[in-house]
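Trainee: Below you'll find entry.tsv; it's TSV, C-alpha atoms and all ligand atoms.
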chain	number	residue	atom	x	y	z
A	1	MET	CA	-19.97	-9.68	-2.92
A	2	LYS	CA	-18.72	-6.79	-5.03
A	3	LYS	CA	-15.28	-7.53	-6.48
A	4	ILE	CA	-12.82	-4.64	-6.13
A	5	LYS	CA	-10.04	-4.68	-8.71
A	6	ILE	CA	-6.58	-3.93	-7.37
A	7	PHE	CA	-4.48	-1.78	-9.72
A	8	ASP	CA	-0.94	-1.61	-8.37
A	9	THR	CA	1.20	1.36	-9.38
A	10	THR	CA	4.23	0.72	-7.14
A	11	LEU	CA	6.39	0.36	-10.24
A	12	ARG	CA	5.16	3.64	-11.76
A	13	ASP	CA	3.78	6.22	-9.31
A	14	GLY	CA	5.69	4.59	-6.45
A	15	GLU	CA	8.93	4.49	-8.35
A	16	GLN	CA	8.46	8.13	-9.41
A	17	SER	CA	8.75	9.33	-5.81
A	18	PRO	CA	12.03	10.87	-4.67
A	19	GLY	CA	14.72	8.30	-3.89
A	20	CYS	CA	12.56	5.31	-4.88
A	21	SER	CA	13.94	4.43	-8.30
A	22	MET	CA	14.47	0.70	-8.79
A	23	SER	CA	16.71	-1.43	-10.98
A	24	ILE	CA	15.17	-3.38	-13.86
A	25	GLU	CA	15.89	-6.65	-12.00
A	26	ASP	CA	14.08	-5.39	-8.90
A	27	LYS	CA	11.11	-4.17	-10.93
A	28	VAL	CA	10.79	-7.54	-12.63
A	29	LYS	CA	11.08	-9.37	-9.31
A	30	ILE	CA	8.38	-7.23	-7.69
A	31	ALA	CA	6.09	-7.55	-10.72
A	32	LYS	CA	6.36	-11.33	-10.50
A	33	ILE	CA	5.36	-11.27	-6.83
A	34	LEU	CA	2.42	-8.93	-7.59
A	35	ASN	CA	1.31	-11.22	-10.41
A	36	ASP	CA	1.50	-14.27	-8.15
A	37	MET	CA	-0.42	-12.52	-5.37
A	38	LYS	CA	-3.19	-11.90	-7.93
A	39	VAL	CA	-3.08	-8.16	-8.40
A	40	ASP	CA	-5.57	-7.41	-11.20
A	41	VAL	CA	-3.54	-4.71	-12.97
A	42	ILE	CA	0.17	-3.91	-12.70
A	43	GLU	CA	1.20	-0.47	-13.91
A	44	ALA	CA	4.75	-1.47	-14.73
A	45	GLY	CA	6.05	1.99	-15.59
A	46	PHE	CA	5.85	4.94	-17.95
A	47	ALA	CA	7.41	3.53	-21.12
A	48	ALA	CA	8.03	6.83	-22.90
A	49	SER	CA	9.78	8.41	-19.93
A	50	ASN	CA	13.07	6.47	-20.16
A	51	ASP	CA	14.67	3.33	-21.63
A	52	LYS	CA	14.89	1.63	-18.25
A	53	ASP	CA	11.12	1.83	-17.81
A	54	PHE	CA	10.54	0.70	-21.38
A	55	ASN	CA	12.80	-2.36	-20.98
A	56	ALA	CA	11.39	-3.24	-17.57
A	57	ILE	CA	7.80	-3.10	-18.88
A	58	LYS	CA	8.77	-5.29	-21.84
A	59	LEU	CA	10.29	-7.95	-19.59
A	60	ILE	CA	7.40	-7.78	-17.12
A	61	SER	CA	4.94	-8.21	-20.01
A	62	LYS	CA	6.63	-11.46	-20.99
A	63	ILE	CA	6.57	-13.09	-17.55
A	64	CYS	CA	3.21	-12.11	-16.02
A	65	ASP	CA	0.37	-14.47	-16.87
A	66	TYR	CA	-2.32	-13.39	-14.41
A	67	SER	CA	-2.26	-9.59	-14.17
A	68	ILE	CA	-3.09	-7.07	-16.86
A	69	ILE	CA	0.12	-5.17	-17.64
A	70	THR	CA	-0.19	-1.47	-18.38
A	71	SER	CA	2.06	1.46	-19.17
A	72	LEU	CA	1.19	5.08	-18.54
A	73	ALA	CA	1.13	7.38	-21.60
A	74	ARG	CA	0.46	11.08	-22.08
A	75	CYS	CA	-2.15	11.98	-24.65
A	76	ASN	CA	0.17	12.02	-27.65
A	77	LYS	CA	0.86	9.48	-30.40
A	78	ASN	CA	4.53	9.03	-29.52
A	79	ASP	CA	3.79	8.08	-25.87
A	80	ILE	CA	0.97	5.77	-26.93
A	81	ASP	CA	3.13	4.05	-29.58
A	82	ILE	CA	5.95	3.47	-27.08
A	83	ALA	CA	3.52	2.26	-24.40
A	84	TYR	CA	2.01	-0.26	-26.82
A	85	GLU	CA	5.43	-1.41	-27.98
A	86	ALA	CA	6.38	-2.09	-24.34
A	87	ILE	CA	3.22	-4.06	-23.41
A	88	LYS	CA	2.40	-5.77	-26.69
A	89	GLU	CA	3.72	-9.21	-25.65
A	90	ALA	CA	1.69	-9.29	-22.44
A	91	LYS	CA	-1.00	-11.95	-22.16
A	92	HIS	CA	-3.36	-9.27	-20.81
A	93	LYS	CA	-2.52	-5.68	-21.78
A	94	ARG	CA	-3.84	-2.18	-21.26
A	95	ILE	CA	-2.78	1.33	-22.31
A	96	HIS	CA	-3.32	3.97	-19.63
A	97	VAL	CA	-3.64	7.45	-21.13
A	98	PHE	CA	-4.09	10.61	-19.11
A	99	ILE	CA	-4.56	14.33	-19.50
A	100	ALA	CA	-5.06	17.06	-16.91
A	101	THR	CA	-8.55	18.53	-16.76
A	102	SER	CA	-8.49	21.07	-13.92
A	103	GLU	CA	-8.41	24.73	-14.85
A	104	ILE	CA	-5.07	25.30	-13.14
A	105	HIS	CA	-3.40	22.36	-14.89
A	106	MET	CA	-4.89	23.10	-18.32
A	107	LYS	CA	-3.86	26.76	-18.12
A	108	ASP	CA	-0.58	26.74	-16.20
A	109	LYS	CA	0.84	23.35	-17.14
A	110	LEU	CA	-0.59	22.27	-20.51
A	111	ASN	CA	-1.26	25.74	-21.88
A	112	LYS	CA	-4.43	24.38	-23.51
A	113	THR	CA	-8.04	25.51	-23.59
A	114	PRO	CA	-10.83	23.22	-22.34
A	115	GLU	CA	-11.96	22.79	-25.97
A	116	GLU	CA	-8.49	21.64	-26.95
A	117	VAL	CA	-8.38	19.19	-24.05
A	118	LYS	CA	-11.73	17.73	-25.17
A	119	GLN	CA	-10.43	17.29	-28.72
A	120	ILE	CA	-7.16	15.70	-27.56
A	121	THR	CA	-9.09	13.31	-25.30
A	122	HIS	CA	-11.23	12.19	-28.22
A	123	ASP	CA	-8.34	11.85	-30.66
A	124	MET	CA	-5.87	10.13	-28.34
A	125	VAL	CA	-8.28	7.69	-26.70
A	126	SER	CA	-9.42	6.72	-30.23
A	127	TYR	CA	-5.80	6.33	-31.30
A	128	ALA	CA	-4.94	4.17	-28.28
A	129	LYS	CA	-8.08	2.11	-28.91
A	130	SER	CA	-6.94	1.40	-32.48
A	131	LYS	CA	-3.92	-0.38	-30.92
A	132	CYS	CA	-5.33	-2.03	-27.80
A	133	GLU	CA	-8.80	-3.16	-26.72
A	134	ASP	CA	-8.34	-2.36	-23.02
A	135	ILE	CA	-7.97	1.41	-22.48
A	136	GLU	CA	-7.87	3.27	-19.19
A	137	PHE	CA	-8.29	7.03	-19.29
A	138	SER	CA	-7.39	9.29	-16.34
A	139	LEU	CA	-8.53	12.86	-15.75
A	140	GLU	CA	-5.45	14.14	-13.96
A	141	ASP	CA	-6.36	16.50	-11.08
A	142	ALA	CA	-9.98	15.35	-11.44
A	143	THR	CA	-10.92	16.47	-7.95
A	144	ARG	CA	-10.07	20.12	-8.76
A	145	THR	CA	-11.85	19.90	-12.12
A	146	ASP	CA	-15.19	21.58	-12.72
A	147	PRO	CA	-17.61	18.63	-12.20
A	148	ASP	CA	-19.63	19.34	-15.37
A	149	PHE	CA	-16.48	19.61	-17.45
A	150	ALA	CA	-15.30	16.32	-15.92
A	151	CYS	CA	-18.59	14.71	-17.02
A	152	GLU	CA	-18.09	15.97	-20.58
A	153	ILE	CA	-14.55	14.60	-20.71
A	154	ILE	CA	-15.67	11.24	-19.26
A	155	ASP	CA	-18.33	10.85	-21.96
A	156	ILE	CA	-15.88	11.79	-24.71
A	157	ALA	CA	-13.36	9.21	-23.45
A	158	ILE	CA	-16.02	6.49	-23.14
A	159	ASN	CA	-17.41	7.22	-26.60
A	160	ALA	CA	-13.86	6.99	-27.97
A	161	GLY	CA	-13.41	3.53	-26.45
A	162	ALA	CA	-12.14	3.86	-22.86
A	163	THR	CA	-13.05	0.78	-20.83
A	164	THR	CA	-11.91	2.15	-17.44
A	165	ILE	CA	-12.18	5.76	-16.29
A	166	ASN	CA	-9.86	6.78	-13.48
A	167	ILE	CA	-10.73	9.67	-11.16
A	168	PRO	CA	-7.48	10.72	-9.49
A	169	ASP	CA	-7.27	12.91	-6.41
A	170	THR	CA	-3.89	13.96	-7.77
A	171	VAL	CA	-3.00	16.43	-5.03
A	172	GLY	CA	-4.74	14.66	-2.14
A	173	PHE	CA	-7.22	17.52	-1.79
A	174	MET	CA	-10.51	15.78	-1.00
A	175	THR	CA	-12.11	14.64	2.23
A	176	PRO	CA	-13.96	11.29	2.22
A	177	LEU	CA	-17.43	12.87	2.14
A	178	GLU	CA	-16.48	15.28	-0.66
A	179	PHE	CA	-14.98	12.45	-2.70
A	180	SER	CA	-18.06	10.29	-2.19
A	181	ASN	CA	-20.32	13.14	-3.40
A	182	PHE	CA	-18.01	13.81	-6.35
A	183	ILE	CA	-18.09	10.16	-7.51
A	184	LYS	CA	-21.88	10.07	-7.14
A	185	TYR	CA	-22.23	13.30	-9.13
A	186	LEU	CA	-20.06	11.96	-11.97
A	187	ARG	CA	-22.01	8.69	-12.06
A	188	LYS	CA	-25.32	10.52	-12.21
A	189	ASN	CA	-24.32	13.03	-14.86
A	190	SER	CA	-22.15	11.02	-17.26
A	191	LYS	CA	-21.88	7.53	-18.74
A	192	LEU	CA	-19.43	6.51	-16.01
A	193	ASP	CA	-21.53	3.53	-14.91
A	194	THR	CA	-21.04	1.86	-18.30
A	195	VAL	CA	-17.31	1.26	-17.62
A	196	ASP	CA	-15.04	0.31	-14.74
A	197	ILE	CA	-14.66	3.21	-12.29
A	198	SER	CA	-11.18	3.60	-10.84
A	199	VAL	CA	-9.85	5.94	-8.15
A	200	HIS	CA	-6.28	7.01	-7.51
A	201	CYS	CA	-5.73	8.92	-4.27
A	202	HIS	CA	-2.69	10.77	-3.00
A	203	ASN	CA	-1.97	11.15	0.67
A	204	ASP	CA	-1.11	14.85	1.08
A	205	LEU	CA	-3.61	15.22	3.95
A	206	GLY	CA	-3.22	11.64	5.18
A	207	LEU	CA	-6.63	10.76	3.67
A	208	ALA	CA	-5.68	8.54	0.72
A	209	THR	CA	-6.98	5.29	2.19
A	210	ALA	CA	-10.11	6.92	3.66
A	211	ASN	CA	-10.89	8.59	0.33
A	212	THR	CA	-10.37	5.35	-1.58
A	213	LEU	CA	-12.69	3.53	0.80
A	214	SER	CA	-15.28	6.25	0.46
A	215	ALA	CA	-15.09	6.00	-3.34
A	216	ILE	CA	-15.63	2.24	-3.47
A	217	ILE	CA	-18.60	2.59	-1.14
A	218	SER	CA	-19.90	5.21	-3.59
A	219	GLY	CA	-19.57	3.06	-6.71
A	220	ALA	CA	-15.92	2.77	-7.79
A	221	ASN	CA	-14.77	-0.79	-8.47
A	222	GLN	CA	-11.04	-0.36	-9.06
A	223	VAL	CA	-8.49	1.10	-6.63
A	224	GLU	CA	-5.04	2.34	-7.57
A	225	VAL	CA	-2.57	1.57	-4.81
A	226	THR	CA	1.10	1.03	-4.02
A	227	VAL	CA	2.91	-1.36	-1.73
A	228	ASN	CA	3.78	0.45	1.55
A	229	GLY	CA	1.90	3.49	0.19
A	230	ILE	CA	4.96	4.85	-1.63
A	231	GLY	CA	4.34	7.46	-4.33
A	232	GLU	CA	4.62	11.10	-5.28
A	233	ARG	CA	5.08	13.42	-2.23
A	234	ALA	CA	3.18	11.87	0.72
A	235	GLY	CA	2.44	8.76	-1.34
A	236	ASN	CA	-0.57	6.85	-2.65
A	237	THR	CA	-3.21	4.69	-1.00
A	238	SER	CA	-1.40	1.66	0.37
A	239	LEU	CA	-2.27	-1.73	-1.07
A	240	GLU	CA	-2.05	-3.51	2.26
A	241	GLU	CA	-4.38	-1.07	4.01
A	242	ILE	CA	-7.18	-1.18	1.47
A	243	VAL	CA	-6.94	-4.97	1.09
A	244	ALA	CA	-7.01	-5.44	4.88
A	245	ILE	CA	-10.02	-3.12	5.22
A	246	ILE	CA	-12.01	-5.01	2.57
A	247	ASP	CA	-11.01	-8.32	4.13
A	248	THR	CA	-11.75	-7.30	7.73
A	249	LYS	CA	-14.95	-5.29	7.31
A	250	LYS	CA	-17.18	-8.03	5.94
A	251	SER	CA	-20.17	-5.72	6.27
A	252	LEU	CA	-18.88	-3.79	3.24
A	253	GLY	CA	-19.89	-6.78	1.11
A	254	MET	CA	-16.70	-6.48	-0.96
A	255	THR	CA	-13.88	-8.78	-1.90
A	256	THR	CA	-10.52	-8.77	-3.70
A	257	ASP	CA	-8.59	-11.62	-5.29
A	258	ILE	CA	-5.39	-10.77	-3.40
A	259	ASN	CA	-3.48	-13.55	-1.64
A	260	THR	CA	-2.96	-11.64	1.59
A	261	HIS	CA	-0.28	-14.04	2.85
A	262	VAL	CA	2.22	-12.47	0.44
A	263	ILE	CA	1.77	-8.91	1.74
A	264	LYS	CA	4.67	-8.83	4.20
A	265	TYR	CA	7.01	-10.43	1.69
A	266	VAL	CA	6.22	-7.95	-1.09
A	267	SER	CA	6.45	-5.10	1.42
A	268	ASP	CA	9.96	-6.22	2.44
A	269	GLU	CA	11.02	-6.58	-1.19
A	270	VAL	CA	9.84	-3.03	-1.98
A	271	VAL	CA	11.82	-1.71	1.00
A	272	LYS	CA	14.91	-3.56	-0.25
A	273	ALA	CA	14.47	-2.38	-3.84
A	274	THR	CA	13.78	1.29	-3.04
A	275	GLY	CA	15.63	1.80	0.23
A	276	SER	CA	12.48	3.55	1.42
A	277	ILE	CA	11.92	2.43	5.02
A	278	ILE	CA	8.48	2.13	6.60
A	279	GLN	CA	7.43	4.14	9.65
A	280	SER	CA	7.25	1.80	12.67
A	281	ASN	CA	3.57	2.58	13.35
A	282	LYS	CA	2.43	2.02	9.73
A	283	ALA	CA	-0.76	-0.06	9.57
A	284	ILE	CA	-0.26	-3.76	8.71
A	285	VAL	CA	3.44	-3.68	7.73
A	286	GLY	CA	5.05	-1.31	10.30
A	287	VAL	CA	7.31	-3.17	12.79
A	288	ASN	CA	5.05	-2.12	15.66
A	289	ALA	CA	1.74	-2.95	13.94
A	290	PHE	CA	1.34	-6.16	15.95
A	291	LYS	CA	3.59	-5.51	18.96
A	292	HIS	CA	2.67	-4.72	22.56
A	293	GLU	CA	4.89	-3.29	25.28
A	294	ALA	CA	2.49	-1.83	27.85
A	295	GLY	CA	1.88	-4.27	30.72
A	296	ILE	CA	-1.92	-3.90	30.64
A	297	HIS	CA	-2.07	-4.60	26.90
A	298	GLN	CA	0.32	-7.53	27.26
A	299	ALA	CA	-1.82	-9.08	29.98
A	300	GLY	CA	-4.83	-8.94	27.65
A	301	VAL	CA	-3.08	-10.14	24.50
A	302	ILE	CA	-1.37	-13.08	26.24
A	303	ASN	CA	-4.81	-14.36	27.28
A	304	ASN	CA	-6.60	-13.49	24.06
A	305	ARG	CA	-5.02	-11.61	21.15
A	306	SER	CA	-8.37	-10.12	20.15
A	307	THR	CA	-8.33	-7.90	23.25
A	308	TYR	CA	-6.01	-5.51	21.40
A	309	GLU	CA	-5.66	-6.95	17.87
A	310	ILE	CA	-8.36	-6.90	15.18
A	311	LEU	CA	-6.26	-8.61	12.52
A	312	ASP	CA	-4.50	-11.95	12.42
A	313	PRO	CA	-0.92	-11.02	11.48
A	314	THR	CA	-0.22	-14.46	10.00
A	315	LYS	CA	-2.90	-13.75	7.39
A	316	TYR	CA	-0.61	-11.00	6.09
A	317	GLY	CA	2.53	-13.12	6.31
A	318	ILE	CA	3.73	-11.60	9.60
A	319	TYR	CA	5.22	-14.04	12.11
A	320	THR	CA	7.07	-11.87	14.66
A	321	ASP	CA	6.84	-12.14	18.43
A	322	ASN	CA	4.10	-9.69	19.42
A	323	ILE	CA	5.20	-9.29	23.05
A	324	VAL	CA	8.00	-6.79	23.52
A	325	ILE	CA	9.92	-6.66	26.80
A	326	GLY	CA	10.39	-2.94	27.31
A	327	ILE	CA	10.39	-0.53	30.23
A	328	HIS	CA	6.56	-0.54	30.33
A	329	SER	CA	6.19	-4.33	30.40
A	330	GLY	CA	4.61	-6.27	33.24
A	331	LYS	CA	4.93	-9.69	34.92
A	332	ASN	CA	2.71	-11.45	32.37
A	333	ALA	CA	5.08	-10.57	29.57
A	334	ILE	CA	8.10	-11.75	31.58
A	335	ILE	CA	6.43	-15.09	32.30
A	336	ASN	CA	5.37	-15.41	28.67
A	337	LYS	CA	8.89	-14.75	27.40
A	338	MET	CA	10.45	-17.13	29.97
A	339	GLN	CA	8.08	-19.88	28.90
A	340	LYS	CA	8.98	-19.32	25.25
A	341	LEU	CA	12.65	-19.72	26.27
A	342	ASN	CA	11.84	-22.91	28.25
A	343	PHE	CA	12.55	-21.52	31.74
A	344	ASP	CA	10.59	-23.19	34.56
A	345	ILE	CA	8.86	-20.10	35.98
A	346	ASN	CA	8.41	-21.73	39.41
A	347	LEU	CA	12.15	-21.67	39.98
A	348	TYR	CA	12.62	-17.92	39.48
A	349	ASP	CA	11.86	-14.72	41.37
A	350	ILE	CA	9.62	-13.01	38.82
A	351	ASN	CA	9.13	-9.82	40.86
A	352	GLN	CA	12.86	-9.31	41.09
A	353	ILE	CA	13.35	-10.09	37.39
A	354	LEU	CA	10.84	-7.36	36.55
A	355	ILE	CA	12.67	-4.87	38.78
A	356	ASP	CA	16.06	-5.83	37.30
A	357	ILE	CA	14.77	-5.47	33.75
A	358	LYS	CA	13.30	-2.01	34.40
A	359	ASN	CA	16.54	-0.96	36.08
A	360	TRP	CA	18.60	-2.28	33.18
A	361	PHE	CA	16.86	0.11	30.74
A	362	ILE	CA	17.91	3.16	32.76
A	363	SER	CA	21.34	1.82	33.72
A	364	GLU	CA	24.63	2.62	32.00
A	365	ASN	CA	24.66	-1.01	30.73
A	366	ASN	CA	22.07	0.07	28.17
A	367	ILE	CA	24.76	1.88	26.22
A	368	ASN	CA	22.79	2.05	22.97
A	369	ASN	CA	19.64	3.23	24.76
A	370	VAL	CA	17.63	0.36	23.24
A	371	LYS	CA	13.89	0.21	23.90
A	372	GLU	CA	13.47	-3.56	23.69
A	373	ILE	CA	15.53	-5.85	25.86
A	374	PRO	CA	18.06	-7.94	23.92
A	375	GLU	CA	17.39	-11.65	24.37
A	376	GLU	CA	20.87	-12.33	25.77
A	377	VAL	CA	20.40	-9.64	28.46
A	378	PHE	CA	16.98	-11.07	29.32
A	379	ILE	CA	18.51	-14.52	29.77
A	380	VAL	CA	21.29	-13.19	32.02
A	381	ILE	CA	18.81	-11.31	34.24
A	382	VAL	CA	16.48	-14.30	34.52
A	383	SER	CA	19.34	-16.71	35.25
A	384	SER	CA	20.68	-14.52	38.05
A	385	ASN	CA	17.29	-14.66	39.77
A	386	LYS	CA	16.98	-18.40	40.32
A	387	ILE	CA	15.44	-18.85	43.75
A	388	ASN	CA	17.80	-21.65	44.92
A	389	GLN	CA	20.86	-19.69	43.88
A	390	LYS	CA	19.65	-16.72	45.91
A	391	ILE	CA	19.07	-18.81	49.00
A	392	LYS	CA	22.56	-20.30	48.58
A	393	LYS	CA	24.04	-16.84	48.06
A	394	LYS	CA	22.39	-15.57	51.27
A	395	SER	CA	23.48	-18.54	53.46
B	1	LIG	O1	-1.83	11.31	-9.53
B	1	LIG	C1	-2.24	11.23	-10.71
B	1	LIG	O2	-3.12	11.96	-11.17
B	1	LIG	C2	-1.60	10.24	-11.57
B	1	LIG	C3	-2.24	10.02	-12.89
B	1	LIG	C4	-1.23	10.03	-13.97
B	1	LIG	C5	-3.05	8.77	-12.87
B	1	LIG	O3	-0.66	9.59	-11.16
B	2	ZN	ZN	-0.55	9.67	-8.91
Now, as a test, write the supplied structure out as structure tokens.

Mentor:
Amino acid sequence: MKKIKIFDTTLRDGEQSPGCSMSIEDKVKIAKILNDMKVDVIEAGFAASNDKDFNAIKLISKICDYSIITSLARCNKNDIDIAYEAIKEAKHKRIHVFIATSEIHMKDKLNKTPEEVKQITHDMVSYAKSKCEDIEFSLEDATRTDPDFACEIIDIAINAGATTINIPDTVGFMTPLEFSNFIKYLRKNSKLDTVDISVHCHNDLGLATANTLSAIISGANQVEVTVNGIGERAGNTSLEEIVAIIDTKKSLGMTTDINTHVIKYVSDEVVKATGSIIQSNKAIVGVNAFKHEAGIHQAGVINNRSTYEILDPTKYGIYTDNIVIGIHSGKNAIINKMQKLNFDINLYDINQILIDIKNWFISENNINNVKEIPEEVFIVIVSSNKINQKIKKKS
């Protein structure tokens, strides 16, 4: 089994996204959960960017005993000094330095020539290495970088002491096949295979998880992810998706150390801390991810969950009722729900209950236009359809 290292950047890239900033207390709480769920690396922030990040990283460094704690740093001595200051008390520590390598970023953002970028890479990775043994180097906008230039930069960073090289798809530009070919090209034409190979994918085209998967199949062994997929613009690869893929598709021959049972809990805590809600159809942690309303699906799932579910929700810490009584539901779901509420189904007119429930959704009693029947309404409808009562009413 190939071990895939999980590098979580919820507290850095995730927190950087609009409206997602977190308090120090929340960052520390989430870091503790990530540490306990056995995330390999926690990017706790960008120490040089503000005092809050610096202080949060310092506190996180003191309390996490399992995960490597890292801070992001630009390729300058000031950022690297502050990053090291923030992580220095961590049991396991890493400095993560980055510089942009695509033509557009070098020219229009950094205002540097490729030669200057090569020199800075050498000097700043060496400088970071003089402070910390574990160094990750990222080629920002790698996927829009000339592949041969990327190979040169990778070799310079490795020769200067980088122990992990990260290949970010910073603007979410690649397709899975392109990313696979890119990783293979870099491996073939540089010293990339002598260090850990990381990927960091953004979701601008909705391909972050697919690209990350493609990269690990093509040789990467570390994935940079966030809880709920939060992150710059359309977000990053989501931790829960990539972990569930590796766990479910045994044929990949891969494994992670993540305790999957904590996934729902950490997802809820990130929602609370950021106020960033999750779309209902989000894989694994969306409220509808394990729910069924259509009668045909309900009939299958009530008999055997595997008819329409490929994952066991409890493995991800999800314990909600998967059968929803909505306007599309059928008799099986009604019976199932009545049994859960301890009604004796033989005493009730199930056909009429189904009709009454469907009518209730389109009646003026459904003042809030809800899509799932409230339990108290369900109980009233069932109770008014007791067979004996009806006979009595008629006579
Ligand atoms: O998206 C990106 O390129 C980044 C790097 C700083 C790793 O977040
Ligand atoms: Zn990013």

Trainee: Pick out the residues sitting within 7 Å of Ala90 of chain A, and hand them over as an NGL selection string; count only C-alpha atoms, and ignore anything fewer than 6 positions along from it in its own chain.

Mentor: :A and (61-62 or 69)

Trainee: Atom CA of Val125 of chain A to atom CA of Ala160 of chain A: how many Å, to one decimal?

Mentor: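 Calculated distance between atom CA of Val125 of chain A and atom CA of Ala160 of chain A is 5.8 Å.
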
Trainee: Please identify all protein, DNA and RNA residues within 10 Å of ligand LIG 1 (chain B), counting all atoms listed in the file, and report them as a PyMOL selection string.

Mentor: chain A and resi 9+12-14+16+46+72-74+96-100+136-143+166-172+198-202+224+231-232+235-236

Trainee: Can you list, as a list in words, every protein, DNA or RNA residue that comes within 9 Å of Leu34 of chain A when you count only C-alpha atoms, leaving out same-chain residues fewer than 3 positions away?

Mentor: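 Non-adjacent residues within range: Asp8, Lys29, Ile30, Ala31, Met37, Lys38, Val39, Asp40, Ile42, Ser67, Val262 and Val266 of chain A.
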
Trainee: Could you give me, as JSON, numbers by chain, the residues within 12 Å of Phe378 of chain A, counting all atoms listed in the file and dropping anything in the same chain fewer than 4 positions from it?

Mentor: {"A": [324, 325, 326, 333, 334, 335, 337, 338, 341, 343, 353, 354, 356, 357, 358, 360, 361, 372, 373, 374, 382, 383, 384, 385]}

Trainee: Write the residues of the selection above to a file with C-alpha atoms, as a CSV table (one decimal), in the frame of the given file.

Mentor:
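Saved as out.csv:
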chain,number,residue,atom,x,y,z
A,324,VAL,CA,8.0,-6.8,23.5
A,325,ILE,CA,9.9,-6.7,26.8
A,326,GLY,CA,10.4,-2.9,27.3
A,333,ALA,CA,5.1,-10.6,29.6
A,334,ILE,CA,8.1,-11.8,31.6
A,335,ILE,CA,6.4,-15.1,32.3
A,337,LYS,CA,8.9,-14.8,27.4
A,338,MET,CA,10.4,-17.1,30.0
A,341,LEU,CA,12.6,-19.7,26.3
A,343,PHE,CA,12.6,-21.5,31.7
A,353,ILE,CA,13.4,-10.1,37.4
A,354,LEU,CA,10.8,-7.4,36.6
A,356,ASP,CA,16.1,-5.8,37.3
A,357,ILE,CA,14.8,-5.5,33.8
A,358,LYS,CA,13.3,-2.0,34.4
A,360,TRP,CA,18.6,-2.3,33.2
A,361,PHE,CA,16.9,0.1,30.7
A,372,GLU,CA,13.5,-3.6,23.7
A,373,ILE,CA,15.5,-5.8,25.9
A,374,PRO,CA,18.1,-7.9,23.9
A,382,VAL,CA,16.5,-14.3,34.5
A,383,SER,CA,19.3,-16.7,35.2
A,384,SER,CA,20.7,-14.5,38.0
A,385,ASN,CA,17.3,-14.7,39.8

Trainee: Return the single residue from A:Val225, A:Ile296, A:Ile323, A:Ile154 that is closest to ligand ZN 2 (chain B), with distances computed using only C-alpha atoms and all ligand atoms.

Mentor: A:Val225

Trainee: Mind pulling up the distance from atom CA of Asp204 of chain A to atom CA of Lys3 of chain A?

Mentor: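 For atom CA of Lys3 of chain A relative to atom CA of Asp204 of chain A, the distance reads 27.5 Å.
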
Trainee: Calculate how many Å separate atom CA of Tyr316 of chain A from atom CA of Thr260 of chain A, rounding to one decimal.

Mentor: 5.1 Å

Trainee: What's the 10 Å shell around Glu269 of chain A, counting only C-alpha atoms, without same-chain residues fewer than 5 positions away, as a ChimeraX atom specification?

Mentor: /A:26,29-30,33,227,263-264,274-275

Trainee: Which residues are near segment 279-282 of chain A? Cut-off 9 Å, only C-alpha atoms, ignore same chain within fewer than 6 positions. Put them as a list in words.

Mentor: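 Residues near the query, excluding close chain neighbours: Asn228, Asn288 and Ala289 of chain A.
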
Trainee: So which residues are close to (6.6, -5.6, -26.0), meaning at most 10 Å away in the file's coordinates with all atoms listed in the file counted, and can you show them as a PDB file with C-alpha atoms, keeping the file's coordinate frame?

Mentor:
ATOM      1  CA  PHE A  54      10.540   0.700 -21.380  1.00  0.00           C
ATOM      2  CA  ASN A  55      12.800  -2.360 -20.980  1.00  0.00           C
ATOM      3  CA  ALA A  56      11.390  -3.240 -17.570  1.00  0.00           C
ATOM      4  CA  ILE A  57       7.800  -3.100 -18.880  1.00  0.00           C
ATOM      5  CA  LYS A  58       8.770  -5.290 -21.840  1.00  0.00           C
ATOM      6  CA  LEU A  59      10.290  -7.950 -19.590  1.00  0.00           C
ATOM      7  CA  ILE A  60       7.400  -7.780 -17.120  1.00  0.00           C
ATOM      8  CA  SER A  61       4.940  -8.210 -20.010  1.00  0.00           C
ATOM      9  CA  LYS A  62       6.630 -11.460 -20.990  1.00  0.00           C
ATOM     10  CA  ILE A  82       5.950   3.470 -27.080  1.00  0.00           C
ATOM     11  CA  ALA A  83       3.520   2.260 -24.400  1.00  0.00           C
ATOM     12  CA  TYR A  84       2.010  -0.260 -26.820  1.00  0.00           C
ATOM     13  CA  GLU A  85       5.430  -1.410 -27.980  1.00  0.00           C
ATOM     14  CA  ALA A  86       6.380  -2.090 -24.340  1.00  0.00           C
ATOM     15  CA  ILE A  87       3.220  -4.060 -23.410  1.00  0.00           C
ATOM     16  CA  LYS A  88       2.400  -5.770 -26.690  1.00  0.00           C
ATOM     17  CA  GLU A  89       3.720  -9.210 -25.650  1.00  0.00           C
ATOM     18  CA  ALA A  90       1.690  -9.290 -22.440  1.00  0.00           C
TER      19      ALA A  90
END
